[in-house]
Amino acid sequence: MIKFLDLEKVNNRFRREIDERIKGILDKGWYLQGEENDRFAKNFADFCGAKYAVGVANGLDALRLIIKASGFGPGDEIIVPANTYIATILAISDNGCTPVLVEPDIRTYNINPDLIEAAITPKTKAIMLVHLYGQAVQMQKIWDLAKKYNLKVFEDAAQAHGAEYQGQRVGNLGDAAAFSFYPGKNLGCMGDGGAVVTNDEELYNKVKALANYGSDRKYHHIYKGLNSRLDEIQAAVLDVKLPHLQQDNQRRREIAKYYRENIKNPLIVLPQTYDEKAHVWHVFAVRTAERDRFQKYLSDNGVQTIIHYPTPPHKQPAYAEWNHLSFPVTEQIHREIISLPMSPVMTDEEVEQLVEVVNRYK
């Protein structure tokens, strides 16, 4: 079986160094808000090209905290792509804000910048964009709209560690960015983890306090905060893996290039990219009209796949008030999309075998 993602193999490459760092934490007996968090936050901010980073419990919390720290709440609207993972939208509604859904570009699956302006109202406060599947959103029109209407730009960069737009890395393309370090991400820990990245010192300090019970110092609470902290062990794991992220992303690009050049099946729609060198290919998502049949065929032929994502947010029970809405492009994507194996530890033989299997499908 060609695994979709062999996490054991991914992490075993760093086993010795991870063991040493964890032993050091156990020896010190300090498990939260310590040296490992400080070190990783600085290194990750530097990696993104930003000034500040705060480790938090997960990617959803990172999104929630950005909105909360910005002071947005009931009555405020935030524009968001209709085809994102539901976490992006949950963060908006959790803060009492109103998500305003905008269709994606069918070619790249990212939000369609040409459709955003029509969704802006006097209540709009921000654009929450998503660098989906590892490709940075085309930012110039979004920057222009943000300036024209005085809007904040937030990045959901959960799938795009290291992706770039015009030479700038995600995490440094808006007012603040949220990252997830879920184990399967390009930079993943061994549990849940996330980060907020920003160049705004005031926002940084507010997020840092909000994530720690609203406290700026022990037993002194300046905000009605929450508990969302990246633990020392996860920070250490991430810091061990961070120096290898660019090499891993390059391997993903090599695999994606081989897929795109050698999958020749007319029943399969391949993903498009504006810049091969800037995409980090968190997943390699293709589309096909009979997805379930294609998935079963691949499974029968030893290829494991995942669907990102089978049901769009506006058709989920959690948002029953939207179930009557129609977003045709989003619905087509969610009906046809399927992700092929993509991992920096895939062998050339596995990549070639997968292409042969896909090309035999009919």
# chains A, B, ... in the order shown; residues from 1 in each chain; ligands from 1

call {"tool": "residues_around", "arguments": {"residues": "stretch 160-166 of chain A", "least_positions_apart": "2", "cutoff": "7 Å", "atoms": "only C-alpha atoms", "output": "MDAnalysis selection string"}}
result
chainID A and resid 131 133:136 157:158 168:170 186:187 278:280 282

call {"tool": "residues_around", "arguments": {"residues": "stretch 97-106 of chain A", "least_positions_apart": "5", "cutoff": "9 Å", "atoms": "only C-alpha atoms", "output": "PyMOL selection string"}}
result
chain A and resi 67+72-83+89-92+111-113+115-116+119-120+124+314+327-330+332-333

call {"tool": "closest_residue", "arguments": {"among": "A:Ala87, A:Lys206, A:Gly24, A:Tyr109", "to": "A:Ile66", "atoms": "only C-alpha atoms"}}
result
A:Lys206

call {"tool": "select_by_dssp", "arguments": {"residues": "stretch 122-332 of chain A", "states": "helix (DSSP H, G or I)", "output": "number ranges by chain"}}
result
A: 132-134, 140-149, 201-210, 232-262, 291-300, 313-315, 317-322, 328-332

call {"tool": "select_by_dssp", "arguments": {"residues": "stretch 99-181 of chain A", "states": "strand (DSSP E)", "output": "list in words"}}
result
Pro99, Val100, Leu101, Val102, Thr124, Lys125, Ala126, Ile127, Met128, Leu129, Val130, Lys152, Val153, Phe154, Glu155, Asp156, Glu164, Tyr165, Gln168, Arg169, Ala176, Ala177, Ala178, Phe179 and Ser180 of chain A

call {"tool": "closest_atom_pairs", "arguments": {"of": "stretch 140-217 of chain A", "to": "stretch 51-54 of chain A", "cutoff": "7 Å", "atoms": "only C-alpha atoms", "output": "CSV"}}
result
residue,atom,partner,partner_atom,distance
A:Ala195,CA,A:Val54,CA,5.4
A:Val196,CA,A:Val54,CA,5.2
A:Val197,CA,A:Ala53,CA,4.3
A:Thr198,CA,A:Tyr52,CA,5.4
A:Asn199,CA,A:Lys51,CA,4.9
A:Tyr204,CA,A:Tyr52,CA,6.6
A:Lys208,CA,A:Val54,CA,6.3

call {"tool": "residues_around", "arguments": {"residues": "A:Val351", "least_positions_apart": "2", "cutoff": "10 Å", "atoms": "only C-alpha atoms", "output": "CSV table (one decimal) with C-alpha atoms, in the first residue's frame"}}
result
chain,number,residue,atom,x,y,z
A,2,ILE,CA,1.2,3.5,-0.9
A,255,ILE,CA,6.7,14.9,-6.5
A,256,ALA,CA,4.1,17.4,-7.6
A,258,TYR,CA,6.3,14.5,-11.6
A,259,TYR,CA,2.6,14.1,-11.1
A,341,PRO,CA,-0.4,10.7,-1.6
A,342,MET,CA,2.0,13.5,-1.0
A,346,MET,CA,7.7,9.0,-0.6
A,347,THR,CA,10.2,7.1,-2.7
A,348,ASP,CA,10.6,7.6,-6.5
A,349,GLU,CA,9.3,4.1,-7.0
A,353,GLN,CA,3.8,3.4,-9.4
A,354,LEU,CA,1.1,5.8,-8.4
A,355,VAL,CA,1.2,7.6,-11.7
A,356,GLU,CA,1.0,4.3,-13.6

call {"tool": "atom_distance", "arguments": {"atom1": "atom CA of A:Thr288", "atom2": "atom CA of A:Tyr85"}}
result
19.9 Å
